[in-house]
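Notes to accompany the following structure.
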Amino acid sequence: MADSELMNEISRRRTFAIISHPDAGKTTLTEKLLLYGGAIHMAGSVKARKAARYAVSDWMEIEKQRGISVTSSVMQFQYQGFCINILDTPGHQDFSEDTYRTLVAADSAVMLIDGAKGVEAQTIKLFHVCRMRQIPIFTFINKLDRAIKDPFALMQELEDVLGIRSYPINWPIGTDGDFKGVYNRQLRQIELFTGDRSHGQAIVTSTRGSADDPVYKELLGEPYYSRLVEEIELLDMAGDEFDLGRVLKGELTPIFFGSAMTNFGVAPFLEEFLKMAPPPGPRTFGDQVISPDDPDFTAFVFKIQANMNPKHRDRIAFMRICSGVFQRGMEVSHSGSEKPIRLAQPQQLMAQERELIEKAYPGDIVGLFDPGIFRISDVLSNRGGLVFTGIPSFPAEHFARISAKDTMKRKQFLKGITQLAQEGAIQVYKEPDIGVEEFIVGAVGVLQFEVLEYRLKNEYSVDIKLQMLPHRHARWIISAPAEPARLNLTSSTRIVKDSHENYVLLFENDWSINWAKEKNKGLELSDISP
Ligand code: G4P
């Protein structure tokens with residue numbers, strides 16, 4: 001029998017990531033969620049943080065300023081009895097493979113969309129990973145205080161671009177910059193937008209009441225009221241029915257309209273989200289499925305953050321707890337070394353402060369001090385012998401050829417590249433027939449190359465030559481009608497092997513991918529490693 005404290009802690013946990021395109025308002029929404037959760041008392045540090053982000057273009061300077069730059073990797077707060085973990089998915093110039101991997105640690109995702117812009121490039125990429133995991137996706141359409149696209153057109157866009165059906169939980173009234181409020185379809189209530197002059201620094205209260213109440217008809221006035229009635233009728237008739245089962249499978253996304261900046265719709269969103277979003281569920285380790293209430297402790301490493309300060313070479317490895325109870329000082333087996341290790345210095349990184357934690361539960365993220373022993377996908381457990389295969393390699397979009405400047409340093413170069421690839425800092429490919437002097441490296445964000453160059457120099461004393469390649473897409477060969485060398489490919493397509501000896505094709509553009517598929521019947525490609 002699982003112990004009731006563990007069961008209770010699991011059922012009140014919600015661990016999610018916000019996926020969005022830069023500037024959709026992720027920082028603002030996160031801050032407002034923290035504000036409502038009481039984790040911060042006044043919002044408004046967004047501007048200060050943004051200024052810091054852009055004023056210094058050199059990322060290393062940014063790292064120095066931020067210290068280890070992990071203060072916001074996970075934010076935990078309490079709200080109405082729930083314990084909420086928001087995982088940060090870095091965007092902008094920090095976008096890297098870690099951004100994708102973080103989604104493997106989440107149990108659900110909030111897809112934040114700028115109402116005026118609709119579905120944008122980075123959202124599509126992150127959505128794709130959530131889809132692959134079949135996790136529930138909740139949509140928040142932001143910036144309602146300004147003119148947005150027609151809400152029906154936005155629903156169509158979700159379907160056309162992302163292939164997901166949607167169910168609006170609330171419906172906006174006034175979308176041309178004349179925002180009046182929203183209609184809650186389940187409660188059949190109107191919530192009026194009161195406007196906010198403090199730029200949303202403080203919590204707002206709103207007025208809610210039955211849509212049939214003549215007071216609300218009057219407050220909204222014509223033509224808003226009639227238009228609302230018409231649109232709701234259309235939605236009820238032609239739209240999907242609400243089905244929590246489909247939401248939990250990631251087939252139907254509930255939509256919320258609001259404005260993070262003015263706080264409108266933030267609290268109702270959070271409350272509905274907490275009701276619908278799932279607590280931590282079972283996770284698969286090889287051929288074993290482990291339930292979160294299993295008394296054995298299990299966790300996997302999904303992100304490793306290197307400290308760029310040469311005086312402090314330590315790293316932080318982030319582990320997601322999947323089952324059992326974590327206790328500081330506990331001894332666990334580590335799948336990477338199969339040696340027992342004592343988890344004595346765990347840090348959980350909440351809002352702005354780092355603090356040492358004593359106990360944590362499934363769904364929680366714990367940052368471990370890492371002297372260089374952890375790798376992505378490592379399992380920490382008191383059961384032993386477990387492997388986690390849930391973190392594949394994600395599609396790199398930038399490629400470079402690298403070699404050591406000084407050929408005498410070949411050994412260190414090889415050691416550095418191998419270790420950094422195992423750690424998950426970079427993807428490494430080999431070209432058949434080329435020795436170990438030269439590799440092709442792939443990255444999701446170009447920042448990863450800079451980190452690679454810097455770390456090889458500082459940790460392995462190797463200066464490298466890095467030559468950018470024009471390729472933009474990596475595709476793993478899942479099945480092929482012939483040996484890779486015999487495939488009919490465009491002259492610019494490269495055949496390489498990843499570190500697990502899987503064949504990968506590097507393409508410059510979509511055109512050459514289509515060429516490969518058309519000219520080689522039966523060729524099956526995947527943009528995520530098998
Ligand atoms: P990000 O983390 O997704 O990149 O976005 P961030 O929160 O930094 O927001 C990007 C811009 O969008 C900011 O404007 C922010 O104030 C604005 N924003 C966020 N939510 C809303 C909203 O609900 N309505 C409106 N109208 N704007 C919103 P900025 O000009 O870069 O900064 P600031 O001068 O407003 O501080």
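As shown in the structure tokens, the chain order sets the letters A, B, ...; within each chain, residues go from 1, and ligands are also counted from 1 in the order they appear.
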
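Inspection of the environment of ligand 1, which uses only C-alpha atoms and all ligand atoms and a cut-off of 7 Å, identifies the neighbouring residues as Ser20, His21, Pro22, Asp23, Ala24, Gly25, Lys26, Thr27, Thr28, Leu29, Val46, Lys47, Lys50, Asn142, Lys143, Leu144, Asp145, Arg146, Gly258, Ser259, Ala260, Met261 and Thr262 of chain A.
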
Please produce a file of those selected residues containing N, CA, C and O atoms, as an mmCIF file, in the first residue's frame.
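Saved result, result_35.cif, follows:
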```cif
data_model
loop_
_atom_site.group_PDB
_atom_site.id
_atom_site.type_symbol
_atom_site.label_atom_id
_atom_site.label_comp_id
_atom_site.auth_asym_id
_atom_site.auth_seq_id
_atom_site.Cartn_x
_atom_site.Cartn_y
_atom_site.Cartn_z
ATOM 1 N N SER A 20 5.758 28.779 -26.193
ATOM 2 C CA SER A 20 5.317 29.964 -26.941
ATOM 3 C C SER A 20 6.436 30.471 -27.835
ATOM 4 O O SER A 20 7.573 30.010 -27.749
ATOM 5 N N HIS A 21 6.096 31.409 -28.664
ATOM 6 C CA HIS A 21 7.064 32.088 -29.511
ATOM 7 C C HIS A 21 7.557 33.308 -28.714
ATOM 8 O O HIS A 21 6.778 33.864 -27.938
ATOM 9 N N PRO A 22 8.819 33.747 -28.907
ATOM 10 C CA PRO A 22 9.274 34.947 -28.193
ATOM 11 C C PRO A 22 8.285 36.108 -28.356
ATOM 12 O O PRO A 22 7.719 36.288 -29.445
ATOM 13 N N ASP A 23 8.089 36.821 -27.260
ATOM 14 C CA ASP A 23 7.233 38.022 -27.227
ATOM 15 C C ASP A 23 5.737 37.759 -27.127
ATOM 16 O O ASP A 23 4.950 38.703 -27.134
ATOM 17 N N ALA A 24 5.341 36.494 -27.037
ATOM 18 C CA ALA A 24 3.908 36.217 -26.879
ATOM 19 C C ALA A 24 3.436 36.593 -25.481
ATOM 20 O O ALA A 24 2.241 36.789 -25.254
ATOM 21 N N GLY A 25 4.411 36.681 -24.535
ATOM 22 C CA GLY A 25 4.054 37.093 -23.170
ATOM 23 C C GLY A 25 4.306 36.024 -22.122
ATOM 24 O O GLY A 25 3.718 36.056 -21.048
ATOM 25 N N LYS A 26 5.240 35.109 -22.396
ATOM 26 C CA LYS A 26 5.501 34.014 -21.451
ATOM 27 C C LYS A 26 6.022 34.530 -20.107
ATOM 28 O O LYS A 26 5.574 34.098 -19.051
ATOM 29 N N THR A 27 6.979 35.469 -20.194
ATOM 30 C CA THR A 27 7.537 36.017 -18.952
ATOM 31 C C THR A 27 6.430 36.707 -18.160
ATOM 32 O O THR A 27 6.332 36.539 -16.940
ATOM 33 N N THR A 28 5.606 37.455 -18.866
ATOM 34 C CA THR A 28 4.523 38.180 -18.200
ATOM 35 C C THR A 28 3.539 37.205 -17.562
ATOM 36 O O THR A 28 3.180 37.351 -16.393
ATOM 37 N N LEU A 29 3.128 36.191 -18.304
ATOM 38 C CA LEU A 29 2.153 35.238 -17.753
ATOM 39 C C LEU A 29 2.741 34.491 -16.546
ATOM 40 O O LEU A 29 2.082 34.336 -15.529
ATOM 41 N N VAL A 46 9.645 42.270 -15.201
ATOM 42 C CA VAL A 46 9.808 41.845 -16.595
ATOM 43 C C VAL A 46 10.690 42.820 -17.364
ATOM 44 O O VAL A 46 11.649 42.446 -18.013
ATOM 45 N N LYS A 47 10.352 44.092 -17.214
ATOM 46 C CA LYS A 47 11.087 45.116 -17.942
ATOM 47 C C LYS A 47 12.563 45.085 -17.590
ATOM 48 O O LYS A 47 13.415 45.091 -18.459
ATOM 49 N N LYS A 50 14.201 42.134 -19.089
ATOM 50 C CA LYS A 50 14.338 42.280 -20.538
ATOM 51 C C LYS A 50 15.499 43.180 -20.891
ATOM 52 O O LYS A 50 16.273 42.902 -21.791
ATOM 53 N N ASN A 142 -3.434 35.327 -25.743
ATOM 54 C CA ASN A 142 -3.044 36.508 -24.952
ATOM 55 C C ASN A 142 -3.231 37.829 -25.715
ATOM 56 O O ASN A 142 -3.448 37.839 -26.915
ATOM 57 N N LYS A 143 -3.133 38.894 -24.958
ATOM 58 C CA LYS A 143 -3.137 40.281 -25.464
ATOM 59 C C LYS A 143 -4.519 40.715 -25.952
ATOM 60 O O LYS A 143 -4.648 41.418 -26.948
ATOM 61 N N LEU A 144 -5.554 40.249 -25.240
ATOM 62 C CA LEU A 144 -6.934 40.588 -25.609
ATOM 63 C C LEU A 144 -7.230 42.078 -25.432
ATOM 64 O O LEU A 144 -8.214 42.590 -25.953
ATOM 65 N N ASP A 145 -6.400 42.754 -24.647
ATOM 66 C CA ASP A 145 -6.624 44.194 -24.460
ATOM 67 C C ASP A 145 -6.352 44.956 -25.755
ATOM 68 O O ASP A 145 -6.683 46.127 -25.882
ATOM 69 N N ARG A 146 -5.722 44.278 -26.725
ATOM 70 C CA ARG A 146 -5.490 44.885 -28.041
ATOM 71 C C ARG A 146 -6.324 44.154 -29.081
ATOM 72 O O ARG A 146 -6.901 43.118 -28.783
ATOM 73 N N GLY A 258 -7.450 35.835 -22.705
ATOM 74 C CA GLY A 258 -7.137 36.729 -21.588
ATOM 75 C C GLY A 258 -6.045 37.710 -21.945
ATOM 76 O O GLY A 258 -5.625 37.819 -23.110
ATOM 77 N N SER A 259 -5.599 38.414 -20.939
ATOM 78 C CA SER A 259 -4.545 39.391 -21.143
ATOM 79 C C SER A 259 -3.610 39.347 -19.936
ATOM 80 O O SER A 259 -3.973 39.783 -18.847
ATOM 81 N N ALA A 260 -2.449 38.741 -20.161
ATOM 82 C CA ALA A 260 -1.517 38.554 -19.043
ATOM 83 C C ALA A 260 -1.070 39.898 -18.475
ATOM 84 O O ALA A 260 -0.927 40.060 -17.263
ATOM 85 N N MET A 261 -0.878 40.870 -19.363
ATOM 86 C CA MET A 261 -0.342 42.148 -18.894
ATOM 87 C C MET A 261 -1.303 42.824 -17.915
ATOM 88 O O MET A 261 -0.894 43.347 -16.896
ATOM 89 N N THR A 262 -2.579 42.781 -18.250
ATOM 90 C CA THR A 262 -3.546 43.445 -17.368
ATOM 91 C C THR A 262 -4.133 42.479 -16.340
ATOM 92 O O THR A 262 -5.062 42.836 -15.616
#
```

Can you list, as a count of residues only, every protein, DNA or RNA residue that comes within 10 Å of segment 71-88 of chain A when you count only C-alpha atoms, leaving out same-chain residues fewer than 5 positions away?
50

Would you list, as a VMD selection string, the residues of segment 451-492 of chain A that end up in strand (DSSP E or B) under DSSP run on this structure's backbone?
chain A and resid 464 to 469 473 to 479

Can you write out the residues you just picked, keeping all heavy atoms, as a JSON list (two decimals), in the first residue's frame?
```json
[["chain", "number", "residue", "atom", "x", "y", "z"],
["A", 464, "ILE", "N", 39.38, 25.16, -30.88],
["A", 464, "ILE", "CA", 38.84, 24.44, -32.04],
["A", 464, "ILE", "C", 38.66, 25.34, -33.26],
["A", 464, "ILE", "O", 38.54, 26.56, -33.14],
["A", 464, "ILE", "CB", 37.48, 23.76, -31.73],
["A", 464, "ILE", "CG1", 36.46, 24.77, -31.18],
["A", 464, "ILE", "CG2", 37.66, 22.59, -30.82],
["A", 464, "ILE", "CD1", 35.05, 24.24, -31.20],
["A", 465, "LYS", "N", 38.65, 24.67, -34.41],
["A", 465, "LYS", "CA", 38.27, 25.34, -35.66],
["A", 465, "LYS", "C", 36.82, 24.95, -35.89],
["A", 465, "LYS", "O", 36.49, 23.76, -35.82],
["A", 465, "LYS", "CB", 39.10, 24.80, -36.83],
["A", 465, "LYS", "CG", 40.44, 25.49, -36.98],
["A", 465, "LYS", "CD", 41.08, 25.11, -38.31],
["A", 465, "LYS", "CE", 41.71, 23.73, -38.19],
["A", 465, "LYS", "NZ", 42.52, 23.27, -39.28],
["A", 466, "LEU", "N", 35.99, 25.94, -36.12],
["A", 466, "LEU", "CA", 34.57, 25.65, -36.31],
["A", 466, "LEU", "C", 34.11, 26.27, -37.62],
["A", 466, "LEU", "O", 34.25, 27.47, -37.81],
["A", 466, "LEU", "CB", 33.81, 26.24, -35.11],
["A", 466, "LEU", "CG", 32.34, 25.87, -34.98],
["A", 466, "LEU", "CD1", 32.05, 25.42, -33.56],
["A", 466, "LEU", "CD2", 31.45, 27.05, -35.29],
["A", 467, "GLN", "N", 33.67, 25.44, -38.52],
["A", 467, "GLN", "CA", 33.22, 25.95, -39.82],
["A", 467, "GLN", "C", 31.73, 25.64, -39.98],
["A", 467, "GLN", "O", 31.33, 24.49, -39.97],
["A", 467, "GLN", "CB", 34.04, 25.25, -40.91],
["A", 467, "GLN", "CG", 33.67, 25.63, -42.31],
["A", 467, "GLN", "CD", 33.92, 24.48, -43.29],
["A", 467, "GLN", "OE1", 34.57, 23.49, -42.98],
["A", 467, "GLN", "NE2", 33.38, 24.64, -44.49],
["A", 468, "MET", "N", 30.94, 26.70, -40.08],
["A", 468, "MET", "CA", 29.48, 26.50, -40.18],
["A", 468, "MET", "C", 29.14, 25.83, -41.50],
["A", 468, "MET", "O", 29.75, 26.13, -42.53],
["A", 468, "MET", "CB", 28.75, 27.84, -40.09],
["A", 468, "MET", "CG", 28.84, 28.53, -38.75],
["A", 468, "MET", "SD", 28.26, 27.57, -37.33],
["A", 468, "MET", "CE", 26.50, 27.57, -37.62],
["A", 469, "LEU", "N", 28.17, 24.95, -41.48],
["A", 469, "LEU", "CA", 27.71, 24.26, -42.70],
["A", 469, "LEU", "C", 26.34, 24.81, -43.10],
["A", 469, "LEU", "O", 25.60, 25.29, -42.25],
["A", 469, "LEU", "CB", 27.62, 22.75, -42.44],
["A", 469, "LEU", "CG", 28.94, 22.04, -42.13],
["A", 469, "LEU", "CD1", 28.68, 20.60, -41.73],
["A", 469, "LEU", "CD2", 29.86, 22.08, -43.36],
["A", 473, "HIS", "N", 18.61, 20.64, -41.67],
["A", 473, "HIS", "CA", 17.70, 19.60, -41.18],
["A", 473, "HIS", "C", 18.44, 18.27, -41.03],
["A", 473, "HIS", "O", 19.20, 17.89, -41.92],
["A", 473, "HIS", "CB", 16.55, 19.35, -42.16],
["A", 473, "HIS", "CG", 15.85, 20.60, -42.60],
["A", 473, "HIS", "ND1", 14.83, 21.16, -41.88],
["A", 473, "HIS", "CD2", 16.03, 21.40, -43.68],
["A", 473, "HIS", "CE1", 14.41, 22.26, -42.50],
["A", 473, "HIS", "NE2", 15.12, 22.42, -43.60],
["A", 474, "ALA", "N", 18.21, 17.61, -39.89],
["A", 474, "ALA", "CA", 18.74, 16.25, -39.71],
["A", 474, "ALA", "C", 17.56, 15.30, -39.73],
["A", 474, "ALA", "O", 16.54, 15.57, -39.12],
["A", 474, "ALA", "CB", 19.46, 16.15, -38.38],
["A", 475, "ARG", "N", 17.69, 14.21, -40.49],
["A", 475, "ARG", "CA", 16.62, 13.20, -40.52],
["A", 475, "ARG", "C", 17.23, 11.82, -40.31],
["A", 475, "ARG", "O", 18.14, 11.42, -41.03],
["A", 475, "ARG", "CB", 15.91, 13.21, -41.88],
["A", 475, "ARG", "CG", 15.11, 14.46, -42.17],
["A", 475, "ARG", "CD", 13.84, 14.53, -41.34],
["A", 475, "ARG", "NE", 13.06, 15.71, -41.66],
["A", 475, "ARG", "CZ", 13.22, 16.92, -41.10],
["A", 475, "ARG", "NH1", 14.14, 17.10, -40.17],
["A", 475, "ARG", "NH2", 12.45, 17.93, -41.46],
["A", 476, "TRP", "N", 16.72, 11.11, -39.31],
["A", 476, "TRP", "CA", 17.18, 9.75, -39.05],
["A", 476, "TRP", "C", 16.53, 8.82, -40.07],
["A", 476, "TRP", "O", 15.34, 8.98, -40.38],
["A", 476, "TRP", "CB", 16.82, 9.33, -37.63],
["A", 476, "TRP", "CG", 17.81, 9.82, -36.62],
["A", 476, "TRP", "CD1", 18.90, 9.12, -36.13],
["A", 476, "TRP", "CD2", 17.85, 11.11, -35.99],
["A", 476, "TRP", "NE1", 19.58, 9.91, -35.23],
["A", 476, "TRP", "CE2", 18.97, 11.12, -35.12],
["A", 476, "TRP", "CE3", 17.06, 12.25, -36.06],
["A", 476, "TRP", "CZ2", 19.31, 12.22, -34.34],
["A", 476, "TRP", "CZ3", 17.39, 13.35, -35.28],
["A", 476, "TRP", "CH2", 18.51, 13.34, -34.44],
["A", 477, "ILE", "N", 17.32, 7.88, -40.56],
["A", 477, "ILE", "CA", 16.76, 6.90, -41.49],
["A", 477, "ILE", "C", 16.08, 5.81, -40.67],
["A", 477, "ILE", "O", 16.72, 5.12, -39.88],
["A", 477, "ILE", "CB", 17.85, 6.28, -42.40],
["A", 477, "ILE", "CG1", 18.50, 7.38, -43.25],
["A", 477, "ILE", "CG2", 17.26, 5.17, -43.27],
["A", 477, "ILE", "CD1", 19.57, 6.88, -44.21],
["A", 478, "ILE", "N", 14.78, 5.67, -40.85],
["A", 478, "ILE", "CA", 14.03, 4.65, -40.11],
["A", 478, "ILE", "C", 13.99, 3.36, -40.93],
["A", 478, "ILE", "O", 14.20, 2.28, -40.41],
["A", 478, "ILE", "CB", 12.58, 5.14, -39.82],
["A", 478, "ILE", "CG1", 12.63, 6.47, -39.04],
["A", 478, "ILE", "CG2", 11.77, 4.10, -39.06],
["A", 478, "ILE", "CD1", 13.31, 6.40, -37.67],
["A", 479, "SER", "N", 13.73, 3.49, -42.23],
["A", 479, "SER", "CA", 13.89, 2.33, -43.11],
["A", 479, "SER", "C", 14.25, 2.84, -44.50],
["A", 479, "SER", "O", 13.87, 3.96, -44.87],
["A", 479, "SER", "CB", 12.62, 1.49, -43.15],
["A", 479, "SER", "OG", 11.59, 2.21, -43.75]]
```

Option closest in space to Cys130 of chain A, from A:Glu191, A:Glu524, A:Glu251, A:Glu358 [counting only C-alpha atoms]
A:Glu251

Distance query Thr253 of chain A at most 12 Å, only C-alpha atoms, self and fewer than 3 positions along chain excluded, as a JSON list (two decimals) with C-alpha atoms, in the first residue's frame:
```json
[["chain", "number", "residue", "atom", "x", "y", "z"],
["A", 108, "SER", "CA", 1.21, 19.06, -19.45],
["A", 109, "ALA", "CA", 1.86, 22.22, -21.44],
["A", 110, "VAL", "CA", 0.34, 25.65, -21.66],
["A", 111, "MET", "CA", 0.53, 26.95, -25.21],
["A", 112, "LEU", "CA", 0.61, 30.72, -25.11],
["A", 127, "PHE", "CA", 3.99, 21.74, -29.94],
["A", 130, "CYS", "CA", 4.26, 17.77, -26.82],
["A", 131, "ARG", "CA", 2.28, 15.92, -29.46],
["A", 134, "GLN", "CA", 0.70, 12.95, -26.08],
["A", 135, "ILE", "CA", 0.54, 15.31, -23.13],
["A", 136, "PRO", "CA", -2.44, 17.61, -22.60],
["A", 137, "ILE", "CA", -2.06, 21.07, -24.08],
["A", 138, "PHE", "CA", -3.97, 24.07, -22.75],
["A", 139, "THR", "CA", -4.12, 27.18, -24.92],
["A", 140, "PHE", "CA", -4.03, 30.72, -23.56],
["A", 141, "ILE", "CA", -4.69, 33.35, -26.22],
["A", 155, "MET", "CA", -9.41, 28.06, -33.83],
["A", 158, "LEU", "CA", -4.86, 25.64, -34.52],
["A", 159, "GLU", "CA", -6.46, 22.94, -36.59],
["A", 162, "LEU", "CA", -1.05, 22.17, -35.60],
["A", 163, "GLY", "CA", -3.72, 19.62, -36.42],
["A", 164, "ILE", "CA", -5.42, 19.94, -33.05],
["A", 165, "ARG", "CA", -9.12, 20.54, -32.37],
["A", 166, "SER", "CA", -10.03, 23.05, -29.71],
["A", 167, "TYR", "CA", -12.75, 23.85, -27.22],
["A", 168, "PRO", "CA", -12.99, 27.46, -25.99],
["A", 169, "ILE", "CA", -13.71, 27.43, -22.25],
["A", 240, "ASP", "CA", -16.49, 20.12, -30.59],
["A", 241, "GLU", "CA", -18.04, 18.94, -27.36],
["A", 242, "PHE", "CA", -15.95, 19.22, -24.26],
["A", 243, "ASP", "CA", -14.34, 15.85, -23.56],
["A", 244, "LEU", "CA", -11.78, 15.64, -20.76],
["A", 245, "GLY", "CA", -10.60, 12.25, -22.01],
["A", 246, "ARG", "CA", -9.57, 13.80, -25.35],
["A", 247, "VAL", "CA", -7.95, 16.73, -23.54],
["A", 248, "LEU", "CA", -5.84, 14.35, -21.46],
["A", 249, "LYS", "CA", -4.71, 12.50, -24.59],
["A", 250, "GLY", "CA", -3.65, 15.76, -26.21],
["A", 256, "PHE", "CA", -8.76, 30.49, -22.64],
["A", 273, "PHE", "CA", -6.27, 24.52, -15.60],
["A", 276, "MET", "CA", -8.24, 19.67, -15.69],
["A", 277, "ALA", "CA", -4.46, 19.19, -15.85]]
```

From a DSSP pass on the backbone, collect the residues of segment 380-446 of chain A flagged as alpha helix (DSSP H) and hand them back as a list in words.
Arg410, Lys411, Gln412, Phe413, Leu414, Lys415, Gly416, Ile417, Thr418, Gln419, Leu420, Ala421, Gln422 and Glu423 of chain A

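Coordinates place atom CA of Lys125 of chain A at a distance of 27.4 Å from atom CA of Thr175 of chain A.
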
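Between Ala421 of chain A and the residues A:Gly239, A:Pro282, A:Pro340, A:Gly442, the shortest atom-to-atom distance, using only C-alpha atoms, involves A:Gly442.
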
Find the residue from A:Gln288, A:Thr407, A:Gln427, A:Asn458 that sits nearest to Arg383 of chain A; use only C-alpha atoms when measuring.
A:Gln288

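Using only C-alpha atoms for every distance, the candidate list A:Ala443, A:Leu456, A:Leu235, A:Leu220 yields A:Leu220 as the residue closest to Val182 of chain A.
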
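With atom CA of Gly174 of chain A on one side and atom CA of Leu228 of chain A on the other, the separation reads 9.2 Å.
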
Any idea what the distance is between atom CA of Ile290 of chain A and atom CA of Phe388 of chain A?
11.2 Å

Shell of 9 Å around Asn502 of chain A, only C-alpha atoms, local chain residues under 2 positions omitted, as a ChimeraX atom specification
/A:476-477,496-500,504,529-530

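Using only C-alpha atoms, the smallest distance between any of A:His128, A:Arg133, A:Arg486, A:Arg410 and Pro395 of chain A comes from A:His128.
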
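Counting only C-alpha atoms and comparing A:Gln422, A:Gln347, A:Thr89, A:Ser512, the residue that lies closest to Thr123 of chain A is A:Thr89.
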
Trp515 of chain A environment, 12 Å, only C-alpha atoms, sequence neighbours closer than 3 positions dropped, as a list in words
Leu487, Asn488, Leu489, Thr490, Ser491, Ser492, Thr493, Phe507, Glu508, Asn509, Asp510, Trp511, Ser512, Glu518, Lys519, Asn520, Lys521 and Leu523 of chain A
